[in-house]
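For reference, entry-v4.cif is printed below; it contains mmCIF, C-alpha atoms.
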data_query
loop_
_atom_site.label_atom_id
_atom_site.label_comp_id
_atom_site.auth_asym_id
_atom_site.auth_seq_id
_atom_site.Cartn_x
_atom_site.Cartn_y
_atom_site.Cartn_z
CA MET A 1 0.00 0.00 0.00
CA PRO A 2 1.52 3.40 -0.94
CA ALA A 3 2.09 5.88 1.84
CA SER A 4 -0.90 8.12 2.46
CA ARG A 5 -0.62 11.84 1.69
CA LEU A 6 -2.93 12.62 4.60
CA SER A 7 -1.47 14.72 7.42
CA VAL A 8 -3.72 15.49 10.39
CA LEU A 9 -3.23 17.90 13.28
CA PHE A 10 -5.46 17.41 16.31
CA VAL A 11 -6.27 20.47 18.43
CA SER A 12 -7.14 19.11 21.84
CA THR A 13 -6.03 18.50 25.38
CA TYR A 14 -3.54 15.63 25.46
CA PRO A 15 -1.85 13.42 28.07
CA PRO A 16 -0.28 13.91 30.55
CA ARG A 17 -3.22 16.29 31.09
CA GLU A 18 -5.84 14.14 32.80
CA CYS A 19 -9.01 14.81 30.84
CA GLY A 20 -11.56 12.72 28.97
CA ILE A 21 -11.00 14.66 25.74
CA ALA A 22 -7.25 14.09 26.06
CA THR A 23 -7.81 10.34 26.34
CA PHE A 24 -10.24 10.41 23.41
CA THR A 25 -7.69 12.18 21.21
CA GLN A 26 -4.91 9.79 22.17
CA ASP A 27 -7.09 6.77 21.38
CA LEU A 28 -8.18 8.24 18.04
CA LEU A 29 -4.63 9.22 17.04
CA PHE A 30 -3.13 5.82 17.90
CA ASN A 31 -5.84 3.95 16.03
CA ILE A 32 -5.47 6.14 12.94
CA ILE A 33 -1.76 5.32 12.93
CA ASN A 34 -2.57 1.62 13.29
CA GLU A 35 -5.05 1.90 10.42
CA ASP A 36 -2.47 3.53 8.12
CA PRO A 37 1.11 4.15 9.36
CA GLY A 38 1.60 6.41 6.34
CA ILE A 39 -0.71 9.05 7.81
CA ARG A 40 1.20 11.82 9.54
CA THR A 41 -0.42 12.82 12.84
CA SER A 42 0.41 15.31 15.54
CA VAL A 43 -1.25 17.38 18.26
CA CYS A 44 -1.64 21.04 19.10
CA ALA A 45 -2.10 20.65 22.86
CA ILE A 46 -4.36 22.96 24.86
CA ASP A 47 -2.40 23.72 27.99
CA PRO A 48 -3.81 25.10 31.25
CA SER A 49 -2.21 28.51 31.73
CA LYS A 50 -2.71 28.63 35.47
CA GLU A 51 -2.81 26.11 38.29
CA ALA A 52 -1.67 23.25 36.07
CA SER A 53 -1.04 21.24 39.20
CA ALA A 54 -4.82 20.95 39.56
CA TYR A 55 -4.72 18.60 36.58
CA GLY A 56 -2.64 16.05 38.43
CA CYS A 57 0.66 16.99 36.75
CA LEU A 58 3.61 19.15 37.49
CA SER A 59 3.53 22.65 36.02
CA PRO A 60 4.24 23.10 33.18
CA LEU A 61 2.91 19.92 31.61
CA ILE A 62 5.57 17.95 29.76
CA TYR A 63 4.19 16.63 26.47
CA PRO A 64 5.76 13.86 24.36
CA LYS A 65 7.71 15.62 21.60
CA SER A 66 6.96 12.75 19.22
CA ARG A 67 3.23 13.55 19.44
CA VAL A 68 2.84 17.25 20.24
CA SER A 69 4.03 19.85 17.71
CA PHE A 70 2.34 22.98 19.09
CA VAL A 71 1.05 24.18 22.47
CA ILE A 72 -1.68 26.76 23.11
CA LYS A 73 -2.23 28.42 26.51
CA ASP A 74 -5.97 28.13 27.08
CA THR A 75 -6.55 31.61 28.55
CA ASP A 76 -4.20 33.53 26.26
CA PRO A 77 -5.91 34.69 23.01
CA ILE A 78 -2.54 35.68 21.53
CA SER A 79 -1.35 32.09 21.97
CA PHE A 80 -4.26 30.87 19.83
CA VAL A 81 -3.47 33.33 17.02
CA GLU A 82 0.26 32.61 17.08
CA ALA A 83 -0.37 28.86 16.88
CA ALA A 84 -2.73 29.33 13.92
CA HIS A 85 -0.08 31.30 12.00
CA LYS A 86 2.50 28.56 12.64
CA ILE A 87 0.08 25.83 11.55
CA ASN A 88 -0.65 27.77 8.35
CA THR A 89 3.00 27.38 7.33
CA SER A 90 3.07 23.67 8.23
CA ARG A 91 2.40 20.73 5.92
CA PHE A 92 -0.69 19.52 7.78
CA SER A 93 -3.53 18.98 5.34
CA VAL A 94 -6.43 18.84 7.83
CA VAL A 95 -7.00 20.20 11.35
CA ASN A 96 -9.36 18.31 13.67
CA ILE A 97 -10.55 20.36 16.67
CA GLN A 98 -11.83 18.33 19.60
CA HIS A 99 -14.35 20.76 21.05
CA GLU A 100 -15.63 21.10 24.59
CA TYR A 101 -16.74 24.55 25.76
CA GLY A 102 -14.57 24.54 28.88
CA LEU A 103 -11.27 23.77 27.15
CA TYR A 104 -10.52 26.94 25.23
CA GLY A 105 -10.84 29.95 27.51
CA GLY A 106 -12.99 33.03 27.04
CA VAL A 107 -16.77 33.16 27.42
CA TRP A 108 -18.05 29.71 26.44
CA GLY A 109 -14.62 28.92 24.97
CA ARG A 110 -14.66 31.83 22.55
CA ASN A 111 -10.85 31.83 22.24
CA ILE A 112 -11.10 28.96 19.76
CA ILE A 113 -12.92 31.30 17.34
CA GLU A 114 -9.82 33.53 17.17
CA PHE A 115 -7.79 30.47 16.21
CA MET A 116 -10.26 29.30 13.56
CA ASP A 117 -10.54 32.78 12.04
CA VAL A 118 -6.80 32.90 11.34
CA LEU A 119 -6.37 29.26 10.32
CA GLU A 120 -6.11 28.60 6.57
CA LYS A 121 -6.44 24.81 6.68
CA PRO A 122 -9.65 22.77 6.32
CA ILE A 123 -11.12 22.39 9.81
CA ILE A 124 -13.16 19.42 11.01
CA THR A 125 -14.61 20.05 14.46
CA THR A 126 -15.79 17.25 16.74
CA LEU A 127 -18.52 18.60 19.01
CA HIS A 128 -18.47 16.55 22.21
CA THR A 129 -21.14 18.67 23.92
CA LEU A 130 -24.30 20.20 22.48
CA LEU A 131 -26.89 21.79 24.73
CA PRO A 132 -30.57 21.42 23.72
CA ALA A 133 -31.37 24.80 25.32
CA PRO A 134 -28.12 26.75 25.08
CA PRO A 135 -27.53 30.21 26.56
CA ILE A 136 -27.21 32.86 23.87
CA GLU A 137 -23.41 33.07 24.28
CA ALA A 138 -23.04 29.31 23.81
CA LYS A 139 -25.34 29.43 20.79
CA ASP A 140 -23.28 32.19 19.19
CA VAL A 141 -19.97 30.39 19.75
CA THR A 142 -21.34 27.12 18.37
CA ARG A 143 -22.79 28.76 15.29
CA GLU A 144 -19.45 30.47 14.56
CA ILE A 145 -17.60 27.18 14.99
CA TYR A 146 -20.02 25.56 12.56
CA GLN A 147 -19.56 28.31 9.97
CA LEU A 148 -15.75 28.14 10.20
CA SER A 149 -15.64 24.34 9.94
CA SER A 150 -15.53 22.38 6.70
CA ASN A 151 -17.33 19.59 8.54
CA VAL A 152 -18.53 19.00 12.06
CA VAL A 153 -18.72 15.61 13.75
CA VAL A 154 -21.25 14.69 16.42
CA PRO A 155 -21.08 11.43 18.38
CA ALA A 156 -24.78 10.56 18.18
CA ARG A 157 -27.82 11.13 15.96
CA ILE A 158 -29.36 13.35 18.62
CA GLY A 159 -26.51 15.79 17.96
CA VAL A 160 -27.79 16.38 14.42
CA GLU A 161 -31.27 17.06 15.75
CA ILE A 162 -29.92 19.51 18.36
CA LEU A 163 -27.93 21.43 15.75
CA GLU A 164 -31.04 21.76 13.62
CA THR A 165 -33.52 22.65 16.36
CA ALA A 166 -31.53 24.50 19.04
CA PHE A 167 -29.00 26.20 16.77
CA ALA A 168 -30.96 26.48 13.48
CA LEU A 169 -28.05 24.92 11.58
CA SER A 170 -28.24 22.68 8.52
CA SER A 171 -27.17 19.05 8.82
CA GLU A 172 -25.58 19.06 5.36
CA LYS A 173 -22.00 19.15 6.59
CA VAL A 174 -22.55 17.12 9.77
CA ALA A 175 -21.18 13.57 10.15
CA VAL A 176 -22.22 11.20 12.92
CA ILE A 177 -19.22 9.25 14.20
CA PRO A 178 -19.72 7.62 17.63
CA HIS A 179 -17.25 7.61 20.48
CA GLY A 180 -14.95 4.63 20.01
CA VAL A 181 -14.94 1.63 22.35
CA PRO A 182 -12.00 -0.59 23.33
CA ASP A 183 -11.52 -3.77 21.34
CA VAL A 184 -11.12 -6.32 24.13
CA PRO A 185 -12.05 -10.00 24.35
CA PHE A 186 -15.35 -11.07 25.85
CA ILE A 187 -14.20 -12.84 29.01
CA SER A 188 -15.41 -13.93 32.42
CA THR A 189 -14.84 -11.54 35.33
CA GLU A 190 -13.01 -14.30 37.24
CA LYS A 191 -9.42 -13.60 36.17
CA PRO A 192 -9.65 -9.77 36.28
CA LYS A 193 -11.17 -10.02 39.76
CA ARG A 194 -8.35 -12.28 40.88
CA ASN A 195 -5.77 -9.84 39.50
CA LEU A 196 -7.35 -7.00 41.48
CA GLY A 197 -7.87 -8.96 44.71
CA LEU A 198 -11.65 -9.06 44.21
CA SER A 199 -12.20 -12.82 43.92
CA GLN A 200 -15.61 -13.99 45.15
CA LYS A 201 -16.94 -10.42 45.16
CA PHE A 202 -19.99 -9.24 43.23
CA VAL A 203 -18.65 -6.01 41.81
CA LEU A 204 -20.65 -2.86 41.12
CA ALA A 205 -18.66 0.10 39.82
CA THR A 206 -18.90 3.73 38.76
CA PHE A 207 -16.04 5.17 36.71
CA GLY A 208 -14.67 8.56 35.73
CA LEU A 209 -13.47 11.82 37.23
CA LEU A 210 -15.51 12.34 40.38
CA HIS A 211 -17.82 15.35 40.65
CA PRO A 212 -21.30 16.02 42.07
CA ALA A 213 -23.02 15.50 38.70
CA LYS A 214 -21.97 11.82 38.82
CA GLY A 215 -24.80 11.11 41.26
CA VAL A 216 -22.76 8.58 43.24
CA GLU A 217 -24.67 9.31 46.46
CA TYR A 218 -27.80 7.74 44.97
CA VAL A 219 -25.98 4.45 44.44
CA LEU A 220 -24.78 4.58 48.04
CA GLU A 221 -28.36 5.10 49.22
CA ALA A 222 -29.49 2.10 47.14
CA LEU A 223 -26.84 -0.25 48.50
CA PRO A 224 -28.25 -1.14 51.96
CA ARG A 225 -31.36 -2.70 50.41
CA VAL A 226 -29.35 -4.48 47.71
CA ILE A 227 -26.99 -5.95 50.31
CA ALA A 228 -29.77 -6.92 52.74
CA GLU A 229 -31.80 -8.73 50.08
CA ASN A 230 -28.83 -10.63 48.64
CA PRO A 231 -27.09 -12.07 51.72
CA HIS A 232 -25.49 -14.84 49.64
CA LEU A 233 -23.43 -12.26 47.70
CA ASP A 234 -20.39 -10.33 48.87
CA VAL A 235 -21.34 -7.04 47.21
CA ILE A 236 -18.68 -4.39 46.73
CA TYR A 237 -19.11 -0.99 45.07
CA LEU A 238 -16.04 0.56 43.46
CA ILE A 239 -15.91 4.33 42.88
CA VAL A 240 -13.08 4.48 40.36
CA GLY A 241 -11.38 7.77 39.57
CA GLU A 242 -9.82 10.83 41.12
CA THR A 243 -11.80 14.01 41.72
CA HIS A 244 -12.36 16.21 38.66
CA PRO A 245 -9.64 18.92 38.58
CA ASN A 246 -12.18 21.74 38.30
CA VAL A 247 -13.91 20.45 41.44
CA VAL A 248 -10.58 20.27 43.25
CA LYS A 249 -9.73 23.81 42.15
CA ASN A 250 -13.06 25.28 43.27
CA ASP A 251 -14.11 23.09 46.18
CA GLY A 252 -11.19 20.85 47.13
CA GLU A 253 -12.18 17.30 48.11
CA ARG A 254 -15.40 18.25 49.89
CA TYR A 255 -17.60 16.16 47.61
CA ARG A 256 -15.51 13.03 48.11
CA GLU A 257 -15.51 13.62 51.86
CA ARG A 258 -19.31 13.96 51.82
CA LEU A 259 -19.52 10.62 50.05
CA LYS A 260 -17.23 9.04 52.63
CA ASP A 261 -19.39 10.48 55.41
CA LYS A 262 -22.44 8.89 53.76
CA VAL A 263 -20.62 5.55 53.52
CA ARG A 264 -19.98 5.67 57.28
CA ALA A 265 -23.53 6.80 58.07
CA LEU A 266 -24.96 3.87 56.09
CA ASN A 267 -22.49 1.37 57.61
CA LEU A 268 -21.07 0.55 54.18
CA GLU A 269 -17.36 0.65 55.05
CA ASP A 270 -16.96 -3.02 54.11
CA ASN A 271 -18.85 -2.62 50.83
CA VAL A 272 -17.50 0.58 49.26
CA VAL A 273 -13.99 1.19 47.96
CA PHE A 274 -12.69 4.47 46.53
CA ILE A 275 -10.03 4.04 43.84
CA ASP A 276 -8.81 7.61 44.21
CA ARG A 277 -6.37 7.95 41.32
CA TYR A 278 -6.25 8.49 37.58
CA LEU A 279 -5.71 5.08 35.98
CA SER A 280 -3.88 4.27 32.78
CA ASN A 281 -6.15 3.01 30.03
CA ARG A 282 -4.81 -0.53 30.50
CA ASN A 283 -5.55 -0.56 34.24
CA LEU A 284 -8.91 1.11 33.74
CA ILE A 285 -9.99 -1.61 31.32
CA LEU A 286 -8.91 -4.22 33.87
CA TYR A 287 -11.34 -2.70 36.38
CA PHE A 288 -14.10 -2.66 33.76
CA LEU A 289 -13.48 -6.34 32.98
CA ALA A 290 -13.74 -7.18 36.70
CA THR A 291 -17.10 -5.42 37.02
CA ASP A 292 -20.40 -7.32 37.13
CA ILE A 293 -22.64 -4.25 36.79
CA CYS A 294 -21.50 -0.81 35.67
CA VAL A 295 -23.64 1.94 37.24
CA LEU A 296 -23.82 5.39 35.62
CA PRO A 297 -26.18 7.49 37.79
CA TYR A 298 -25.31 10.80 36.09
CA LEU A 299 -27.55 13.78 36.84
CA SER A 300 -27.08 15.74 33.58
CA ARG A 301 -29.74 15.00 30.98
CA ASP A 302 -27.92 16.64 28.08
CA GLN A 303 -24.76 14.52 27.75
CA ILE A 304 -24.49 13.30 24.13
CA SER A 305 -21.15 11.53 24.58
CA SER A 306 -19.75 9.55 27.49
CA GLY A 307 -16.35 7.90 27.38
CA VAL A 308 -17.20 5.79 30.43
CA LEU A 309 -20.36 4.44 28.81
CA SER A 310 -18.41 3.68 25.64
CA GLN A 311 -15.75 1.78 27.56
CA ALA A 312 -18.39 -0.22 29.43
CA ILE A 313 -20.03 -1.14 26.12
CA GLY A 314 -16.70 -2.17 24.60
CA CYS A 315 -16.02 -4.44 27.57
CA GLY A 316 -19.46 -6.08 27.29
CA LYS A 317 -20.77 -5.00 30.67
CA ALA A 318 -24.28 -5.09 32.07
CA ILE A 319 -25.09 -1.39 32.52
CA ILE A 320 -27.57 0.59 34.60
CA SER A 321 -27.67 4.26 33.73
CA SER A 322 -29.74 7.35 34.19
CA PRO A 323 -31.50 8.24 30.90
CA TYR A 324 -29.17 10.95 29.62
CA MET A 325 -28.97 11.37 25.84
CA HIS A 326 -26.06 9.05 25.05
CA ALA A 327 -27.39 6.33 27.34
CA ARG A 328 -30.90 6.40 25.84
CA ASP A 329 -29.40 5.83 22.40
CA ALA A 330 -26.60 3.39 23.22
CA LEU A 331 -28.61 1.22 25.63
CA SER A 332 -31.69 0.84 23.44
CA ASP A 333 -32.71 -2.63 22.22
CA ASP A 334 -32.28 -4.13 25.71
CA ARG A 335 -28.57 -3.34 25.97
CA GLY A 336 -29.00 -1.88 29.44
CA LEU A 337 -31.45 -0.65 32.06
CA LEU A 338 -32.36 3.01 32.65
CA ALA A 339 -33.06 4.31 36.16
CA GLU A 340 -34.68 7.62 36.96
CA PHE A 341 -32.45 10.62 37.60
CA GLY A 342 -31.58 11.07 41.26
CA ASN A 343 -33.80 8.18 42.42
CA SER A 344 -32.03 5.73 44.74
CA GLN A 345 -35.14 3.55 45.05
CA ASP A 346 -35.34 3.05 41.29
CA LEU A 347 -31.59 2.34 41.18
CA ALA A 348 -32.08 -0.33 43.82
CA ASP A 349 -34.96 -1.84 41.83
CA LYS A 350 -32.85 -2.02 38.67
CA LEU A 351 -29.86 -3.44 40.52
CA MET A 352 -32.07 -6.15 42.04
CA ILE A 353 -33.34 -7.13 38.58
CA LEU A 354 -29.84 -7.74 37.23
CA ILE A 355 -28.35 -9.21 40.38
CA GLN A 356 -31.12 -11.77 40.80
CA ASP A 357 -31.39 -12.85 37.15
CA ASP A 358 -28.06 -14.24 35.97
CA ASN A 359 -29.46 -15.20 32.56
CA LEU A 360 -30.80 -11.72 31.89
CA ARG A 361 -27.50 -10.17 32.92
CA LYS A 362 -25.48 -12.49 30.68
CA GLU A 363 -27.80 -11.91 27.71
CA MET A 364 -27.43 -8.16 28.20
CA GLU A 365 -23.64 -8.47 28.29
CA ILE A 366 -23.63 -10.35 24.98
CA ARG A 367 -25.95 -7.85 23.29
CA THR A 368 -23.86 -4.94 24.54
CA TYR A 369 -20.58 -6.53 23.47
CA MET A 370 -21.87 -7.37 19.98
CA TYR A 371 -23.10 -3.79 19.53
CA GLY A 372 -19.67 -2.58 20.59
CA ARG A 373 -17.97 -4.51 17.76
CA SER A 374 -19.43 -2.01 15.27
CA ILE A 375 -17.91 0.99 17.06
CA THR A 376 -14.47 -0.21 18.15
CA TRP A 377 -11.74 2.40 17.95
CA ARG A 378 -10.47 0.73 14.78
CA GLU A 379 -13.82 1.25 13.05
CA ILE A 380 -14.10 4.82 14.33
CA ALA A 381 -10.58 5.64 13.16
CA ARG A 382 -11.51 4.40 9.67
CA LYS A 383 -14.52 6.73 9.57
CA TYR A 384 -12.42 9.72 10.62
CA VAL A 385 -9.78 8.89 8.00
CA GLN A 386 -12.51 8.64 5.36
CA LEU A 387 -13.77 12.08 6.36
CA PHE A 388 -10.27 13.60 6.51
CA ASN A 389 -9.45 12.23 3.06
CA THR A 390 -12.35 14.10 1.49
CA HIS A 391 -10.34 17.28 2.01
CA LEU A 392 -7.16 16.10 0.30
CA VAL A 393 -8.67 16.58 -3.16
CA LYS A 394 -9.86 20.11 -2.40
CA ARG A 395 -7.91 23.05 -3.85
CA GLY A 396 -8.16 26.75 -3.17
CA TYR A 397 -9.57 26.41 0.37
CA ASN A 398 -12.05 29.23 0.85
CA LYS A 399 -13.93 29.90 4.07
CA THR A 400 -16.77 31.59 2.22
CA GLU A 401 -17.60 28.26 0.58
CA LEU A 402 -17.82 26.28 3.80
CA LYS A 403 -21.63 26.31 3.89
CA SER A 404 -21.71 24.17 0.76
CA ASN A 405 -19.20 21.57 1.95
CA LYS A 406 -21.10 18.35 2.49
CA SER A 407 -19.79 15.29 4.32
CA ASP A 408 -19.18 12.12 2.34
CA VAL A 409 -19.28 10.01 5.50
CA ASP A 410 -22.45 8.00 5.99
CA VAL A 411 -24.52 8.92 9.03
CA LEU A 412 -24.69 5.84 11.25
#
Target encoding structure tokens, full file:
Amino acid sequence: MPASRLSVLFVSTYPPRECGIATFTQDLLFNIINEDPGIRTSVCAIDPSKEASAYGCLSPLIYPKSRVSFVIKDTDPISFVEAAHKINTSRFSVVNIQHEYGLYGGVWGRNIIEFMDVLEKPIITTLHTLLPAPPIEAKDVTREIYQLSSNVVVPARIGVEILETAFALSSEKVAVIPHGVPDVPFISTEKPKRNLGLSQKFVLATFGLLHPAKGVEYVLEALPRVIAENPHLDVIYLIVGETHPNVVKNDGERYRERLKDKVRALNLEDNVVFIDRYLSNRNLILYFLATDICVLPYLSRDQISSGVLSQAIGCGKAIISSPYMHARDALSDDRGLLAEFGNSQDLADKLMILIQDDNLRKEMEIRTYMYGRSITWREIARKYVQLFNTHLVKRGYNKTELKSNKSDVDVL
């Protein structure tokens, strides 16, 4: 196979910054390289200008030179403009912006608009968050991002609907490419549990950076009934992940301490374990594989993409989730159970269903795993490469023509 002419620059947070978007970008980049080693890839890393230590790393962050070509300070508009000028003189053929409002500084991340205005390369923007009822400032920023992008990517069909209804934007240059899932074997929990010292335990787990919107307290409130009505099981609930850096910066560890107080008040010290650290992807997957039921009691209704949910699907887990947007879509067709937002009684009911019906739980695991085969990172990387390649044949890039650029990628 001849070497590809494609050269992609990702604008995103990137490890060692501990952030879900950083992990997403690393997974996507590595899988694109695996798909075609001839594709040149690099990163323009979004760096926290202040209090970098809140992100679990020494300040300044030290990025791998083999992966990161440019660095932008998130609160410095001049840094965005300077990076755009440098990228304009580079040989990158396509720029992929991984967008989350909170990453780019300014009101609703407006600093990224300064960057896009100056950039003279085709831009494909992945929109990880879309609000169904956005404030006017968020609506304005999103509409400008759309206009300055050759294509936008949303991780779920609902994203197309939101762009049309909440932002009055056409779907003609929108591609739906889901969040990728790990490609791991479908195995029993026995060996992973043994490796983690959890043999003979029935493992419930919630994953991800800890913050109040996770809704963990509702799982804790559900546990006493679950434990009392299943005395034959040694139930353990793992809360896996360090506290979100923005929570630490604004409120310290008060939320985690409140959860620990609730654990003591409910006499759950023997049944709840906090894994209070940021895990490597390899170790995180090990915890997923050791889990019998993954519980996602999130309180935000508007989340259209969840890396934790995607990882649970890829690992073939039985899943109970609140009915936020991504979960309603991904767990349809009996691939999971949905529990009401902020309702510990309903969580307990759903947990009892899966705990007490081994056949149902196993059938759900198989359905979830088989669905995940269609959205492994390898498949997602192929879809991104297909989209990126549509811009290699373009000549005379002109921002005024962006409205007519239509995606050649099939909507899933």
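Taken over the whole file, the PyMOL selection byres ((chain A and resi 343) around 12) covers exactly Gly215, Val216, Glu217, Tyr218, Val219, Leu220, Glu221, Ala222, Pro297, Tyr298, Leu299, Ser321, Ser322, Pro323, Leu338, Ala339, Glu340, Phe341, Gly342, Ser344, Gln345, Asp346, Leu347, Ala348, Asp349 and Lys350 of chain A.
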Between atom CA of A:Gly241 and atom CA of A:Ile32, what is the distance in Å, rounded to a tenth?
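Between atom CA of A:Gly241 and atom CA of A:Ile32 the gap is 27.3 Å.
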Please evaluate the PyMOL selection byres ((chain A and resi 257) around 12) against the displayed coordinates and give the resulting residues as a list in words.
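Given this file, the PyMOL selection byres ((chain A and resi 257) around 12) evaluates to Leu210, His211, Pro212, Glu217, Thr243, Val248, Asp251, Gly252, Glu253, Arg254, Tyr255, Arg256, Arg258, Leu259, Lys260, Asp261, Lys262, Val263, Arg264, Phe274 and Asp276 of chain A.
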What does the file look like for those residues with C-alpha atoms, as an mmCIF file, in the frame of the given file?
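Heads up, here's the output in again_9.cif:
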data_model
loop_
_atom_site.group_PDB
_atom_site.id
_atom_site.type_symbol
_atom_site.label_atom_id
_atom_site.label_comp_id
_atom_site.auth_asym_id
_atom_site.auth_seq_id
_atom_site.Cartn_x
_atom_site.Cartn_y
_atom_site.Cartn_z
ATOM 1 C CA LEU A 210 -15.510 12.340 40.380
ATOM 2 C CA HIS A 211 -17.820 15.350 40.650
ATOM 3 C CA PRO A 212 -21.300 16.020 42.070
ATOM 4 C CA GLU A 217 -24.670 9.310 46.460
ATOM 5 C CA THR A 243 -11.800 14.010 41.720
ATOM 6 C CA VAL A 248 -10.580 20.270 43.250
ATOM 7 C CA ASP A 251 -14.110 23.090 46.180
ATOM 8 C CA GLY A 252 -11.190 20.850 47.130
ATOM 9 C CA GLU A 253 -12.180 17.300 48.110
ATOM 10 C CA ARG A 254 -15.400 18.250 49.890
ATOM 11 C CA TYR A 255 -17.600 16.160 47.610
ATOM 12 C CA ARG A 256 -15.510 13.030 48.110
ATOM 13 C CA ARG A 258 -19.310 13.960 51.820
ATOM 14 C CA LEU A 259 -19.520 10.620 50.050
ATOM 15 C CA LYS A 260 -17.230 9.040 52.630
ATOM 16 C CA ASP A 261 -19.390 10.480 55.410
ATOM 17 C CA LYS A 262 -22.440 8.890 53.760
ATOM 18 C CA VAL A 263 -20.620 5.550 53.520
ATOM 19 C CA ARG A 264 -19.980 5.670 57.280
ATOM 20 C CA PHE A 274 -12.690 4.470 46.530
ATOM 21 C CA ASP A 276 -8.810 7.610 44.210
#
Can you work out the spacing between atom CA of A:Ala213 and atom CA of A:Ser300 in Å, to one decimal?
6.5 Å
Stretch 286-384 of chain A residues near stretch 89-111 of chain A within 12 Å, closest pair each, using all atoms listed in the file, as a Markdown table:
| residue | atom | partner | partner_atom | distance |
| --- | --- | --- | --- | --- |
| A:Gln303 | CA | A:Glu100 | CA | 11.7 |
| A:Ile304 | CA | A:Glu100 | CA | 11.8 |
| A:Ser305 | CA | A:Glu100 | CA | 11.0 |
| A:Tyr384 | CA | A:Asn96 | CA | 9.6 |
Restricting the calculation to all atoms listed in the file: of A:Arg194, A:Ile158, A:His128, A:Val203, which residue gets closest to A:Gly20?
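Among the listed residues, the smallest separation from A:Gly20 belongs to A:His128.
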Quick one: pull the distance between atom CA of A:Leu331 and atom CA of A:Pro182, Å, one decimal.
16.9 Å
Got a sec to check which residues sit within 10 Å of (-7.8, 12.5, 23.3), counting all atoms listed in the file, and write them as a list in words?
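Protein and nucleic acid residues near the point are Phe10, Val11, Ser12, Thr13, Tyr14, Pro15, Arg17, Glu18, Cys19, Gly20, Ile21, Ala22, Thr23, Phe24, Thr25, Gln26, Asp27, Leu28, Leu29, Phe30, Val43, Ala45 and Gln98 of chain A.
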Residues matched by the PyMOL selection byres ((chain A and resi 201) around 7), written as number ranges by chain:
A: 198-200, 202-203, 234-236
Of the candidates A:Ile320, A:Leu238, A:Ile285, A:Val154, which one gets nearest to A:Glu269 if we count all atoms listed in the file?
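Of A:Ile320, A:Leu238, A:Ile285, A:Val154, the one nearest A:Glu269 is A:Leu238, counting all atoms listed in the file.
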Taking a cut-off of 12 Å and counting only C-alpha atoms, can you build a table that, for each residue of stretch 171-241 of chain A near stretch 142-146 of chain A, reports the nearest atom pair and how far apart they are in Å (one decimal), sorted by chain then residue number, as a Markdown table?
| residue | atom | partner | partner_atom | distance |
| --- | --- | --- | --- | --- |
| A:Ser171 | CA | A:Tyr146 | CA | 10.4 |
| A:Glu172 | CA | A:Tyr146 | CA | 11.2 |
| A:Lys173 | CA | A:Tyr146 | CA | 9.0 |
| A:Val174 | CA | A:Tyr146 | CA | 9.2 |
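Counting all atoms listed in the file and comparing A:Ile366, A:Val141, A:Ile239, A:Val153, the residue that lies closest to A:Ile380 is A:Val153.
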Find the residue from A:Gln147, A:Asn195, A:Asn230, A:Asn267 that sits nearest to A:Phe167; use only C-alpha atoms when measuring.
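The closest residue to A:Phe167 is A:Gln147.
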Could you check the closest approach to A:Asp140 for each of A:Leu233, A:Ala228, A:Ile113, A:Ile78 and tell me which residue wins, using only C-alpha atoms?
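Under the stated criterion, the closest residue is A:Ile113.
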Quick one: residues within 7 Å of stretch 286-290 of chain A, only C-alpha atoms counted, chain neighbours fewer than 5 positions away excluded, as a PyMOL selection string?
chain A and resi 189+192-193+312+315
Show me as an mmCIF file with C-alpha atoms, in the coordinates of the input the residues that reach within 9 Å of (-18.8, -7.0, 23.2), counting only C-alpha atoms and using the file's own coordinates.
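Below is the file selection-v1.cif, written as the result:
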data_model
loop_
_atom_site.group_PDB
_atom_site.id
_atom_site.type_symbol
_atom_site.label_atom_id
_atom_site.label_comp_id
_atom_site.auth_asym_id
_atom_site.auth_seq_id
_atom_site.Cartn_x
_atom_site.Cartn_y
_atom_site.Cartn_z
ATOM 1 C CA ASP A 183 -11.520 -3.770 21.340
ATOM 2 C CA VAL A 184 -11.120 -6.320 24.130
ATOM 3 C CA PRO A 185 -12.050 -10.000 24.350
ATOM 4 C CA PHE A 186 -15.350 -11.070 25.850
ATOM 5 C CA ILE A 313 -20.030 -1.140 26.120
ATOM 6 C CA GLY A 314 -16.700 -2.170 24.600
ATOM 7 C CA CYS A 315 -16.020 -4.440 27.570
ATOM 8 C CA GLY A 316 -19.460 -6.080 27.290
ATOM 9 C CA LYS A 317 -20.770 -5.000 30.670
ATOM 10 C CA GLU A 365 -23.640 -8.470 28.290
ATOM 11 C CA ILE A 366 -23.630 -10.350 24.980
ATOM 12 C CA ARG A 367 -25.950 -7.850 23.290
ATOM 13 C CA THR A 368 -23.860 -4.940 24.540
ATOM 14 C CA TYR A 369 -20.580 -6.530 23.470
ATOM 15 C CA MET A 370 -21.870 -7.370 19.980
ATOM 16 C CA TYR A 371 -23.100 -3.790 19.530
ATOM 17 C CA GLY A 372 -19.670 -2.580 20.590
ATOM 18 C CA ARG A 373 -17.970 -4.510 17.760
#
Extending 5 Å beyond the listed atoms of stretch 228-238 of chain A on each side, what axis-aligned box results? I want centre and edge lengths in Å to one decimal, as AutoDock Vina command-line options.
--center_x -23.9 --center_y -7.1 --center_z 48.1 --size_x 25.8 --size_y 25.4 --size_z 19.3
For A:Ile177, please output as a PyMOL selection string all residues within 12 Å (counting all atoms listed in the file; exclusion window: fewer than 4 positions along the same chain).
chain A and resi 28+125-128+151-160+181+304-305+374-377+379-387+407+409-412
